[in-house]
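*Asks:* work_30.txt is reproduced in full below (compact mmCIF, C-alpha atoms).
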```txt
# COMPACT_ATOMS: atom_id res chain seq x y z
CA MET S 10 54.88 202.81 -26.30
CA ALA S 11 58.60 203.56 -25.91
CA ALA S 12 59.48 199.86 -26.10
CA ALA S 13 57.37 199.42 -29.21
CA ALA S 14 58.97 202.45 -30.84
CA ALA S 15 62.43 201.16 -30.03
CA LEU S 16 61.59 197.73 -31.44
CA ALA S 17 60.18 199.31 -34.60
CA ALA S 18 63.33 201.40 -35.04
CA ALA S 19 65.57 198.37 -34.56
CA GLU S 20 63.84 196.01 -36.98
CA PRO S 21 62.88 196.94 -40.56
CA PRO S 22 59.32 196.08 -41.61
CA PRO S 23 58.66 193.00 -43.74
CA ALA S 24 59.49 193.57 -47.40
CA MET S 25 56.55 193.90 -49.75
CA PRO S 26 56.66 192.45 -53.26
CA GLN S 27 58.23 194.91 -55.67
CA ALA S 28 57.67 195.42 -59.33
CA ALA S 29 60.66 195.08 -61.60
CA GLY S 30 62.81 198.18 -61.78
CA THR S 31 61.59 199.72 -58.47
CA GLY S 32 64.69 198.80 -56.48
CA GLY S 33 63.25 195.95 -54.42
CA PRO S 34 64.06 195.03 -50.80
CA ALA S 35 67.79 195.67 -51.23
CA ALA S 36 67.19 199.34 -52.09
CA ARG S 37 64.89 199.68 -49.09
CA ARG S 38 67.50 198.22 -46.76
CA ASP S 39 70.14 200.57 -48.13
CA PHE S 40 68.18 203.62 -46.99
CA TYR S 41 66.35 202.18 -44.00
CA TRP S 42 68.97 203.38 -41.50
CA LEU S 43 68.73 206.90 -42.92
CA ARG S 44 64.93 206.97 -42.75
CA SER S 45 64.95 205.54 -39.23
CA PHE S 46 67.62 208.03 -38.16
CA LEU S 47 65.65 211.01 -39.46
CA ALA S 48 62.26 209.85 -38.20
CA GLY S 49 63.44 208.63 -34.80
CA GLY S 50 65.81 211.50 -34.02
CA VAL S 51 63.38 214.25 -34.94
CA PHE S 52 59.98 213.03 -33.90
CA SER S 53 61.00 211.31 -30.65
CA THR S 54 62.40 214.64 -29.42
CA LEU S 55 59.37 216.64 -30.52
CA ARG S 56 57.17 214.14 -28.69
CA ALA S 57 59.24 213.69 -25.51
CA VAL S 58 59.74 217.35 -24.58
CA PRO S 59 56.04 218.36 -24.61
CA GLN S 60 55.12 215.20 -22.66
CA LYS S 61 57.55 216.09 -19.87
CA GLU S 62 57.53 219.87 -19.83
CA GLY S 63 54.59 221.02 -21.93
CA TYR S 64 54.84 222.72 -25.30
CA LEU S 65 56.54 225.76 -23.76
CA GLY S 66 59.47 223.45 -23.06
CA LEU S 67 60.27 223.62 -26.77
CA TYR S 68 60.96 227.34 -26.33
CA LYS S 69 63.30 227.26 -23.32
CA GLY S 70 66.16 229.68 -23.78
CA ASN S 71 64.33 231.45 -26.59
CA GLY S 72 64.45 234.81 -24.80
CA ALA S 73 68.25 234.82 -24.77
CA MET S 74 68.23 233.62 -28.36
CA MET S 75 66.01 236.52 -29.45
CA ILE S 76 68.27 239.02 -27.69
CA ARG S 77 71.35 237.45 -29.29
CA ILE S 78 70.10 236.94 -32.84
CA PHE S 79 69.84 240.61 -33.86
CA PRO S 80 73.41 241.68 -32.97
CA TYR S 81 74.75 238.33 -34.19
CA GLY S 82 73.17 238.65 -37.62
CA ALA S 83 73.97 242.34 -37.92
CA ILE S 84 77.63 241.87 -36.98
CA GLN S 85 78.06 238.81 -39.20
CA PHE S 86 76.69 240.33 -42.41
CA MET S 87 78.32 243.72 -41.81
CA ALA S 88 81.66 242.06 -41.06
CA PHE S 89 81.32 239.85 -44.15
CA GLU S 90 81.03 242.86 -46.48
CA HIS S 91 83.91 244.59 -44.70
CA TYR S 92 86.21 241.56 -44.78
CA LYS S 93 85.30 240.83 -48.40
CA THR S 94 86.34 244.33 -49.46
CA LEU S 95 89.47 244.19 -47.32
CA ILE S 96 90.56 240.80 -48.69
CA THR S 97 89.96 241.91 -52.27
CA THR S 98 91.70 245.29 -52.01
CA LYS S 99 94.53 244.55 -49.57
CA LEU S 100 95.34 240.92 -50.34
CA GLY S 101 94.29 240.84 -53.98
CA VAL S 102 92.20 237.71 -53.45
CA SER S 103 89.01 237.58 -55.52
CA GLY S 104 86.65 235.07 -57.06
CA HIS S 105 84.95 232.48 -54.87
CA VAL S 106 87.84 232.15 -52.41
CA HIS S 107 87.35 235.60 -50.91
CA ARG S 108 83.78 234.65 -49.96
CA LEU S 109 85.07 231.64 -48.04
CA MET S 110 87.71 233.68 -46.21
CA ALA S 111 85.43 236.65 -45.49
CA GLY S 112 82.59 234.39 -44.33
CA SER S 113 84.86 232.53 -41.91
CA LEU S 114 86.20 235.75 -40.41
CA ALA S 115 82.72 237.27 -40.19
CA GLY S 116 81.34 234.21 -38.40
CA MET S 117 84.16 234.20 -35.87
CA THR S 118 83.73 237.92 -35.23
CA ALA S 119 79.99 237.58 -34.59
CA VAL S 120 80.51 234.58 -32.29
CA ILE S 121 83.09 236.33 -30.12
CA CYS S 122 80.85 239.39 -29.74
CA THR S 123 77.69 237.47 -28.78
CA TYR S 124 79.04 234.32 -27.10
CA PRO S 125 77.92 235.11 -23.51
CA LEU S 126 74.29 235.25 -24.67
CA ASP S 127 74.71 231.90 -26.41
CA MET S 128 76.13 230.43 -23.21
CA VAL S 129 73.10 231.62 -21.22
CA ARG S 130 70.72 230.33 -23.91
CA VAL S 131 72.20 226.82 -23.72
CA ARG S 132 72.05 226.76 -19.92
CA LEU S 133 68.42 227.84 -19.87
CA ALA S 134 67.43 225.38 -22.60
CA PHE S 135 69.05 222.44 -20.78
CA GLN S 136 67.12 222.91 -17.54
CA VAL S 137 64.61 220.22 -16.63
CA LYS S 138 61.18 221.18 -15.30
CA GLY S 139 61.22 221.17 -11.49
CA GLU S 140 65.02 221.31 -11.32
CA HIS S 141 65.73 224.87 -12.44
CA THR S 142 69.13 226.27 -11.53
CA TYR S 143 68.39 229.61 -13.19
CA THR S 144 65.20 231.64 -12.92
CA GLY S 145 65.85 233.74 -16.02
CA ILE S 146 68.43 235.47 -18.20
CA ILE S 147 69.65 237.97 -15.57
CA HIS S 148 69.88 235.30 -12.87
CA ALA S 149 71.83 233.02 -15.21
CA PHE S 150 74.33 235.80 -15.94
CA LYS S 151 74.80 236.51 -12.23
CA THR S 152 75.15 232.83 -11.29
CA ILE S 153 77.67 231.99 -14.03
CA TYR S 154 79.72 235.10 -13.19
CA ALA S 155 79.74 234.32 -9.45
CA LYS S 156 80.37 230.58 -9.58
CA GLU S 157 82.35 229.90 -12.76
CA GLY S 158 85.31 232.24 -12.81
CA GLY S 159 83.82 235.64 -13.51
CA PHE S 160 83.86 237.04 -17.03
CA LEU S 161 85.86 234.09 -18.41
CA GLY S 162 83.05 231.76 -17.34
CA PHE S 163 80.90 233.15 -20.15
CA TYR S 164 83.46 232.02 -22.74
CA ARG S 165 83.66 228.36 -21.79
CA GLY S 166 83.69 226.33 -25.03
CA LEU S 167 84.65 229.33 -27.17
CA MET S 168 87.49 227.54 -28.99
CA PRO S 169 85.40 224.69 -30.50
CA THR S 170 82.76 227.29 -31.34
CA ILE S 171 85.26 229.38 -33.28
CA LEU S 172 86.73 226.31 -34.96
CA GLY S 173 83.23 225.18 -35.90
CA MET S 174 82.03 228.63 -36.93
CA ALA S 175 84.94 229.23 -39.32
CA PRO S 176 83.92 226.41 -41.71
CA TYR S 177 80.20 226.89 -41.01
CA ALA S 178 80.05 230.60 -41.84
CA GLY S 179 82.72 230.30 -44.52
CA VAL S 180 80.94 227.48 -46.33
CA SER S 181 77.55 229.19 -45.89
CA PHE S 182 78.65 232.44 -47.54
CA PHE S 183 80.76 230.59 -50.10
CA THR S 184 77.92 228.25 -51.13
CA PHE S 185 75.26 230.94 -51.24
CA GLY S 186 77.49 233.39 -53.14
CA THR S 187 78.60 230.73 -55.61
CA LEU S 188 75.05 229.51 -56.26
CA LYS S 189 73.93 233.10 -56.71
CA SER S 190 76.69 234.08 -59.16
CA VAL S 191 76.47 230.84 -61.16
CA GLY S 192 72.67 231.03 -61.32
CA LEU S 193 72.60 234.64 -62.46
CA SER S 194 75.35 233.97 -65.02
CA HIS S 195 73.75 230.94 -66.63
CA ALA S 196 70.02 231.60 -66.18
CA PRO S 197 69.50 235.31 -65.49
CA THR S 198 65.96 235.46 -66.86
CA LEU S 199 64.77 232.31 -65.11
CA LEU S 200 66.40 232.88 -61.71
CA GLY S 201 66.96 236.62 -61.50
CA ARG S 202 65.26 239.99 -61.66
CA PRO S 203 66.43 243.63 -61.61
CA SER S 204 67.20 244.97 -58.14
CA SER S 205 64.56 247.38 -56.84
CA ASP S 206 67.20 249.95 -55.87
CA ASN S 207 69.35 249.58 -59.00
CA PRO S 208 67.79 248.15 -62.19
CA ASN S 209 71.26 247.58 -63.65
CA VAL S 210 72.01 244.97 -60.97
CA LEU S 211 70.49 241.49 -61.13
CA VAL S 212 69.38 239.79 -57.91
CA LEU S 213 67.88 236.37 -57.30
CA LYS S 214 64.14 235.98 -57.15
CA THR S 215 62.88 235.55 -53.58
CA HIS S 216 62.05 231.84 -53.79
CA ILE S 217 65.44 231.13 -55.42
CA ASN S 218 67.11 233.06 -52.61
CA LEU S 219 65.34 230.85 -50.08
CA ILE S 220 66.45 227.68 -51.86
CA CYS S 221 70.08 228.80 -52.15
CA GLY S 222 70.17 229.90 -48.52
CA GLY S 223 68.71 226.60 -47.33
CA VAL S 224 71.19 224.55 -49.35
CA ALA S 225 74.07 226.66 -48.03
CA GLY S 226 72.92 226.14 -44.45
CA ALA S 227 72.52 222.37 -44.82
CA ILE S 228 75.99 221.88 -46.32
CA ALA S 229 77.67 224.14 -43.77
CA GLN S 230 75.87 222.49 -40.83
CA THR S 231 76.91 219.00 -41.92
CA ILE S 232 80.58 219.98 -42.15
CA SER S 233 80.79 221.81 -38.82
CA TYR S 234 78.35 219.81 -36.65
CA PRO S 235 80.90 217.85 -34.53
CA PHE S 236 82.29 221.18 -33.29
CA ASP S 237 78.73 222.25 -32.40
CA VAL S 238 78.24 219.11 -30.29
CA THR S 239 81.56 219.76 -28.56
CA ARG S 240 80.65 223.40 -27.91
CA ARG S 241 77.31 222.52 -26.28
CA ARG S 242 78.87 219.97 -23.95
CA MET S 243 81.56 222.42 -22.85
CA GLN S 244 79.01 225.22 -22.37
CA LEU S 245 76.92 223.05 -20.06
CA GLY S 246 79.95 222.65 -17.78
CA THR S 247 79.06 221.52 -14.27
CA VAL S 248 75.48 220.76 -15.30
CA LEU S 249 76.70 217.46 -16.80
CA PRO S 250 77.89 214.65 -14.46
CA GLU S 251 80.91 213.93 -16.69
CA PHE S 252 82.04 217.57 -16.88
CA GLU S 253 85.51 216.78 -15.44
CA LYS S 254 86.20 214.66 -18.53
CA CYS S 255 85.15 217.47 -20.87
CA LEU S 256 87.27 220.42 -19.74
CA THR S 257 89.04 220.99 -23.06
CA MET S 258 87.95 220.67 -26.66
CA ARG S 259 90.25 217.69 -27.24
CA GLU S 260 89.02 215.89 -24.11
CA THR S 261 85.39 216.55 -25.00
CA MET S 262 85.65 215.27 -28.57
CA LYS S 263 87.60 212.23 -27.36
CA TYR S 264 84.98 211.49 -24.70
CA VAL S 265 82.01 211.88 -27.06
CA TYR S 266 83.62 209.74 -29.77
CA GLY S 267 84.82 207.08 -27.31
CA HIS S 268 81.45 206.67 -25.56
CA HIS S 269 78.97 207.34 -28.35
CA GLY S 270 80.81 207.05 -31.67
CA ILE S 271 80.20 209.21 -34.72
CA ARG S 272 76.48 208.85 -35.56
CA LYS S 273 75.19 208.80 -31.96
CA GLY S 274 77.88 211.08 -30.62
CA LEU S 275 79.53 213.64 -32.86
CA TYR S 276 76.48 213.81 -35.15
CA ARG S 277 73.77 213.26 -32.55
CA GLY S 278 70.76 215.47 -33.22
CA LEU S 279 71.86 216.50 -36.72
CA SER S 280 68.49 215.68 -38.29
CA LEU S 281 66.67 217.94 -35.83
CA ASN S 282 69.24 220.64 -36.41
CA TYR S 283 68.49 220.56 -40.14
CA ILE S 284 64.88 221.49 -39.34
CA ARG S 285 66.15 224.55 -37.49
CA CYS S 286 69.17 225.45 -39.59
CA VAL S 287 67.89 225.13 -43.16
CA PRO S 288 64.91 227.51 -42.86
CA SER S 289 66.94 229.80 -40.58
CA GLN S 290 69.72 230.25 -43.12
CA ALA S 291 67.26 230.47 -45.99
CA VAL S 292 65.41 233.33 -44.28
CA ALA S 293 68.64 235.01 -43.11
CA PHE S 294 70.19 235.22 -46.59
CA THR S 295 66.90 236.22 -48.21
CA THR S 296 66.24 238.93 -45.64
CA TYR S 297 69.75 240.29 -46.05
CA GLU S 298 69.37 240.46 -49.84
CA LEU S 299 66.04 242.29 -49.44
CA MET S 300 67.47 244.69 -46.85
CA LYS S 301 70.37 245.53 -49.17
CA GLN S 302 67.80 246.69 -51.71
CA PHE S 303 65.77 248.55 -49.08
CA PHE S 304 68.82 250.50 -47.90
CA HIS S 305 70.10 251.04 -51.46
CA LEU S 306 73.31 249.03 -51.03
CA ASN S 307 73.35 247.63 -54.56
```
Produce structure tokens that represent the structure in this file.

*Replies:*
Amino acid sequence: MAAAAALAAAEPPPAMPQAAGTGGPAARRDFYWLRSFLAGGVFSTLRAVPQKEGYLGLYKGNGAMMIRIFPYGAIQFMAFEHYKTLITTKLGVSGHVHRLMAGSLAGMTAVICTYPLDMVRVRLAFQVKGEHTYTGIIHAFKTIYAKEGGFLGFYRGLMPTILGMAPYAGVSFFTFGTLKSVGLSHAPTLLGRPSSDNPNVLVLKTHINLICGGVAGAIAQTISYPFDVTRRRMQLGTVLPEFEKCLTMRETMKYVYGHHGIRKGLYRGLSLNYIRCVPSQAVAFTTYELMKQFFHLN
């Protein structure tokens, strides 16, 4: 089955006769690599993990993720509002630029505060069934602390994470805020409604919020993804056989690019990440907008 799948991914299917004006075989070839990339990268992973480790294998590391996600989200959105006000009042920067700056700073702040939990999550998720190094979250914390340099061991790969988070969070907040302000300015009746806590303030309708949040997440993820790949490799540390060649961010990016290139290296797994990132960001921004109304912040 694997050989057949690989052969199917390598060779495009025979071209069918096309009616005039439908693009023909040339148009199909132009997008075949993209369709193969999306289908192969996503569905092969979703099929391989359950076959080897059962469906619970898809949720490895989810406990640490659940513990991390609340403080991460809370710190990020709180810091964004704080930095936005600070940048506007102290530096005199306004318009769309202050969203980009505040979002970048907020993302970096949240990452630094919650990074040890992210480290543990990655280690737990990477374990193969039958070859577990860690028995759970507490054991992973103890093992990393004892064997990898104490407290500093939890911050391995922090630099590429910060460098990746700055454009990711900055672009996310910038894109969402820009789409929101432009939409409410040009189509307030179609896209907006009065806020439940302040009728004088327009907010986006829920489904428009979801769309804007998803678009923001997709754009931000595409821009920052190579740093995410670098971060994961550095976080895995001694778990990988080539860890001695990936001790610094520069060495790691050089190794990944040299051995795997751009598409299969620096952007490996991007299609699967879209499936996680787009709905995640859509829900995050929408929930935040709803919570602002609930707590009368408008």

*Asks:* How many Å separate CA of Ala225 in chain S from CA of Thr184 in chain S?

*Replies:*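 Those two atoms sit 5.2 Å apart.
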
*Asks:* Could you please determine the separation between CA of Glu298 in chain S and CA of Leu109 in chain S in Å, to one decimal place?

*Replies:*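 Pair CA of Glu298 in chain S / CA of Leu109 in chain S returns 18.1 Å.
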
*Asks:* Using all atoms listed in the file, which of S:Val131, S:Ala115, S:Leu95, S:Leu245 sits nearest Val180 in chain S?

*Replies:*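 So, comparing all the options, the nearest one is S:Ala115.
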
*Asks:* So which one's closest to Ile171 in chain S, S:Phe79, S:Phe183, S:Tyr283, S:Phe236? Using all atoms listed in the file, please.

*Replies:*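 Nearest candidate to Ile171 in chain S out of S:Phe79, S:Phe183, S:Tyr283, S:Phe236: S:Phe236.
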
*Asks:* Can you tell me how far CA of Ala83 in chain S sits from CA of Tyr297 in chain S, in Å to one decimal?

*Replies:*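 If I compute the distance from CA of Ala83 in chain S to CA of Tyr297 in chain S, I get 9.4 Å.
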
*Asks:* Hey, which of S:Lys273, S:Lys99, S:Arg130, S:Lys254 ends up closest to Ile147 in chain S? Count only C-alpha atoms.

*Replies:*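 Among S:Lys273, S:Lys99, S:Arg130, S:Lys254, it is S:Arg130 that comes nearest to Ile147 in chain S.
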
*Asks:* Can you work out which one of S:Lys151, S:Arg285, S:Lys263, S:His268 has the shortest atom-to-atom distance to Gln230 in chain S, counting all atoms listed in the file?

*Replies:*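 Of the candidates, the smallest distance to Gln230 in chain S is held by S:Arg285.
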
*Asks:* Compare S:Ala227, S:Ile146, S:Leu100, S:Leu161 by their minimum atom-to-atom distance to Met75 in chain S, counting only C-alpha atoms, and give me the closest one.

*Replies:* S:Ile146

*Asks:* Can you work out which one of S:Tyr81, S:Phe163, S:Phe252, S:Tyr154 has the shortest atom-to-atom distance to Thr123 in chain S, counting only C-alpha atoms?

*Replies:*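 Once distances to Thr123 in chain S are computed over only C-alpha atoms, the minimum belongs to S:Tyr81.
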
*Asks:* Do you know which residues lie at most 12 Å from (82.0, 213.6, -27.6), with coordinates as in the file and only C-alpha atoms counted, and could you write them as number ranges by chain?

*Replies:* S: 169, 234-243, 251-252, 254-277

*Asks:* Excluding range 207-218 of chain S and its own-chain neighbours fewer than 4 positions away, which residues fall within 12 Å of it when counting all atoms listed in the file? Please give them as a ChimeraX atom specification.

*Replies:* /S:184-186,188-194,196-203,222-225,288,290-299,301-307

*Asks:* Show which residues sit within 12 Å of Met74 in chain S, as number ranges by chain. Count only C-alpha atoms, and ignore same-chain residues fewer than 2 positions away.

*Replies:* S: 68-72, 76-82, 123-134, 146

*Asks:* Once you've located range 216-229 of chain S in the structure I gave, write it as a PDB file, in the first residue's frame, keeping C-alpha atoms.

*Replies:*
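To be explicit, this is the file written out as out.pdb:
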```
ATOM      1  CA  HIS S 216     -18.841  34.069  11.601  1.00  0.00           C
ATOM      2  CA  ILE S 217     -16.880  37.046  10.205  1.00  0.00           C
ATOM      3  CA  ASN S 218     -14.676  36.946  13.294  1.00  0.00           C
ATOM      4  CA  LEU S 219     -13.948  33.286  12.618  1.00  0.00           C
ATOM      5  CA  ILE S 220     -13.040  33.982   8.992  1.00  0.00           C
ATOM      6  CA  CYS S 221     -10.756  36.908   9.855  1.00  0.00           C
ATOM      7  CA  GLY S 222      -9.056  34.930  12.618  1.00  0.00           C
ATOM      8  CA  GLY S 223      -8.473  31.952  10.332  1.00  0.00           C
ATOM      9  CA  VAL S 224      -6.996  34.113   7.569  1.00  0.00           C
ATOM     10  CA  ALA S 225      -4.732  35.848  10.087  1.00  0.00           C
ATOM     11  CA  GLY S 226      -3.494  32.509  11.404  1.00  0.00           C
ATOM     12  CA  ALA S 227      -2.795  31.078   7.937  1.00  0.00           C
ATOM     13  CA  ILE S 228      -0.772  34.101   6.802  1.00  0.00           C
ATOM     14  CA  ALA S 229       1.193  34.304  10.049  1.00  0.00           C
TER      15      ALA S 229
END
```
